[in-house]
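J.: What follows is a single structure, and I will ask about it in a moment.
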Amino acid sequence: MSLLIPIGPQHPALPEPERFIFKVDGEVIVDVDVKIGFCHRGVEKLMTKKTYVQNIYLSERICGICNVAHTTCYVQLVEKALDLEVPERAQFIRVILNELARIHSHLLIIGITGEEIGFETIFMYMWRDREIVMRMIEDITGNRVISALNTIGGVRRDISEEQKERIKKGISILRERFKKYQEVFTEDSTVRRRLCERGIISKSDAISYGAVGPVIRGSGVKYDVRICYPYQAYDRIPFDMVIYEEGDSLARVLVRIGELFTSADIIEYALDHLPKGDIRVPAPRKVPENDVISLVEAPRGELFYHLISNGTDRPYRLKVKTPTFSNIYPIARAMIGETIPEIPAILVSMDPCFSCMDRLKFIDIRKGKVWIWSDRDIRRHYKRR
Amino acid sequence: MSIPKLITEVVRTLFKKPVTRHYPFEKPEIAEGFRGRPVLNIDECVGCGLCARDCPTGAITMVFYSKTKRRAPSFDYSKCIFCYQCIDTCPWEAIKPSKEFELSTPDKETLKLKIPEEEVKPIRRRPPKKKPWFR
Amino acid sequence: MSEEELLKILGEWGKVEQKEPKDYRVYMDKEKVPDLVKCLIEKVGDIRTAAVTGMQRNGKFIVYYHLWIHPLDVMVSLVVESENDHFPSITPIIPGSHFHENEAFDLLGLKFEGHPYLKKKLILPEESPEDYYPLRKEE
């Protein structure tokens with residue numbers, strides 16, 4: 001193996017970079033070093049220069065797919081600092097939108113997992129079902145992905161009776177397809193050979209290394225923000241947590257498929273029990289001095305916002321911790337002991353929101369050689385064998 | 001087994017027509033509440049400047065018309081993110097939603113819309129149509 | 001172990017304040033932080049670092065260590081203030097705090113003593129100037 005020039009565009013489906021440096025002995029990975037920050041945009045500094053209302057739209061654009069979770073967390077934070085009570089109908093509408101976004105995100109990442117292990121058919125089918133979900137979101141909010149429905153004090157648009165019927169019809173179509181996908185991932189032998197017993201994270205490792213979301217639920221720990229620290233209307237809606245004990249990549253994928261069914265149940269329950277009333281209340285522009293925390297279960301894990309305000313209409317310090325930031329380190333440790341061709345599948349099982357390999361650097365400790373491969377080069381090299 | 005099931009579905013879709021929609025020649029279906037370009041109705045506007053204060057990107061600036069001695073907003077659609085916060089904020093409902101989204105142009109200056117002097121009338125003072133979102 | 005017993009243990013180490021039903025702040029001295037975390041892991045069980053927030057106010061540096069206590073489903077934040085920018089690290093005890101403390105180091109210049117591999121420029125690009133800490137307030 002000689003030094004390769006880094007060619008290869010970024011992965012076309014998840015265009016955000018992160019760099020790993022692997023120390024290999026032959027083909028087995030011995031150590032991992034991570035560098036992130038290629039997409040650092042200075043959002044925390046910018047948020048101190050804009051008003052609270054303008055920051056709703058800035059927090060939405062931190063992550064495109066998780067934008068509903070980001071606005072829900074931000075708006076909940078400001079409402080806690082203002083001590084503002086949001087009407088019940090608005091809380092239920094927020095729950096419905098959050099669950100629709102969760103179905104959208106899980107369909108995307110399970111399709112990408114299928115593509116990484118070579119199963120391109122399931123990728124195409126799942127992304128076709130995303131169209132049904134995006135049409136439902138456009139129906140309620142006016143835009144397919146970036147919704148902008150939440151505002152300080154409530155939501156901006158209401159759900160009418162015709163929209164309710166359309167959402168229920170869409171959910172019943174989707175349920176049939178979810179059953180087919182569950183059969184594929186539990187019974188197909190090629191899928192099991194690529195995902196079973198790879199990238200194992202034990203229960204104590206998952207807690208001490210700080211994993212969140214489906215990564216920690218796939219390792220047997222009962223942690224879901226919607227049940228452990230309930231927010232909005234989740235304490236009034238009954239549903240179960242999806243837990244798997246094995247801790248490998250297949251367990252993480254199965255947790256996400258189980259959450260598809262749970263989200264469909266939550267949406268139907270919330271639509272049937274939608275209370276009557278206003279959808280928003282007026283809110284002050286200036287926030288008194290306070291120090292508050294807000295937690296939300298985004299599709300990828302726990303999202304954490306921390307606000308310190310100083311009595312003006314701009315925040316003094318706003319800290320954002322995204323779920324992928326907590327998950328990178330445990331997954332990097334889980335790759336030790338695995339072989340090189342398994343890297344893409346394990347990385348995608350974490351659901352990276354900023355990443356997927358643009359470039360991986362390999363250092364062979366026995367031969368002393370250094371080379372760089374992109375994601376495409378790995379697949380091309382191992383297909384020829 | 002699951003593999004034969006997927007094969008029957010693949011064979012079934014072989015005989016359907018393709019799902020691709022030829023966009024510029026076939027118009028897409030747009031939902032009812034779609035967020036297109038916000039449009040200003042200058043007769044309703046009072047010149048208070050709340051829309052410019054709340055715009056997240058600074059796409060709205062207030063300009064002064066010397067003949068009628070009043071202010072009105074000027075929109076820069078190259079910076080607009082179509083969030084509709086201006087429509088939400090305006091107590092006189094002077095900005096209206098629309099469904100236009102085909103705004104691409106090779107020259108950025110055509111996206112900066114300022115209402116010309118001739119169409120601007122003096123302000124009619126009257127009470128607002130809806131309560132503001134803040135108290 | 002119930003919540004009241006946890007609050008009694010925390011009360012011996014610093015001043016406890018409850019902000020919300022499951023959200024507590026403990027104001028304490030910075031030297032005692034690693035000992036408190038070790039004591040909590042022995043007595044209560046599994047603890048995970050949720051985040052580490054750093055900030056600067058009136059010339060002093062303040063760090064919040066946000067810990068999630070799994071057996072009780074409660075968030076405890078340890079609030080520590082200091083005139084200089086040296087703080088104790090809890091990474092040797094809870095390895096998952098590695099990235100959170102490194103981010104505070106990159107953005108605010110807070111040095112966490114005891115951190116086994118505090119790397120410069122985890123988040124900032126390698127070409128940025130050496131003493132450049134973006135989130136510091138300009139005097």
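Note on naming: chains are A, B, ... as they come in the structure tokens, residues start from 1 per chain, ligands start from 1 in the order shown.
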Just the residues within 12 Å of Tyr24 in chain C, please, counting only C-alpha atoms, with nothing from its chain fewer than 5 positions along; format it as a ChimeraX atom specification.
T.: /A:291-293 /C:3,6-7,10-11,14-19,64-69,73-79
J.: Could you tell me which residues of chain A sit within 6 Å of chain B when counting only C-alpha atoms, and give me the result as a list in words?
T.: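 So the residues of chain A near chain B are Gln54, Asp139, Gly142, Val184, Pro282, Ala283 and Pro284 of chain A.
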J.: List every residue of range 22-130 of chain B that DSSP, applied to the backbone, labels as strand (DSSP E), and write the result as a ChimeraX atom specification.
T.: /B:39-40,60-65,70-76,95-96,112-113
J.: Tell me, as a VMD selection string, which residues lie within 7 Å of Gly96 in chain C, counting only C-alpha atoms; anything in the same chain fewer than 6 positions away does not count.
T.: (chain A and resid 208 to 210) or (chain C and resid 49)
J.: Restricted to C-alpha atoms, what would the selected residues look like written as a CSV table (one decimal), in the first residue's frame?
T.:
chain,number,residue,atom,x,y,z
A,208,SER,CA,-19.3,6.5,31.4
A,209,TYR,CA,-18.4,7.6,27.9
A,210,GLY,CA,-21.6,9.7,27.7
C,49,THR,CA,-21.7,14.1,32.1
J.: Define the interface residues of chain A facing chain C as those within 9 Å, counting only C-alpha atoms, and report them as JSON, numbers by chain.
T.: {"A": [34, 35, 36, 37, 38, 40, 42, 44, 45, 204, 207, 208, 209, 210, 211, 222, 223, 228, 229, 291, 292, 293, 302, 304, 306, 317, 319, 321, 325, 326, 329, 330]}
J.: What is the distance between CA of Ile115 in chain B and CA of Asp43 in chain B, in Å to one decimal?
T.: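 CA of Asp43 in chain B lies 11.4 Å from CA of Ile115 in chain B.
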J.: So how many Å separate CA of Leu110 in chain C and CA of Asp85 in chain C, to one decimal?
T.: 5.0 Å
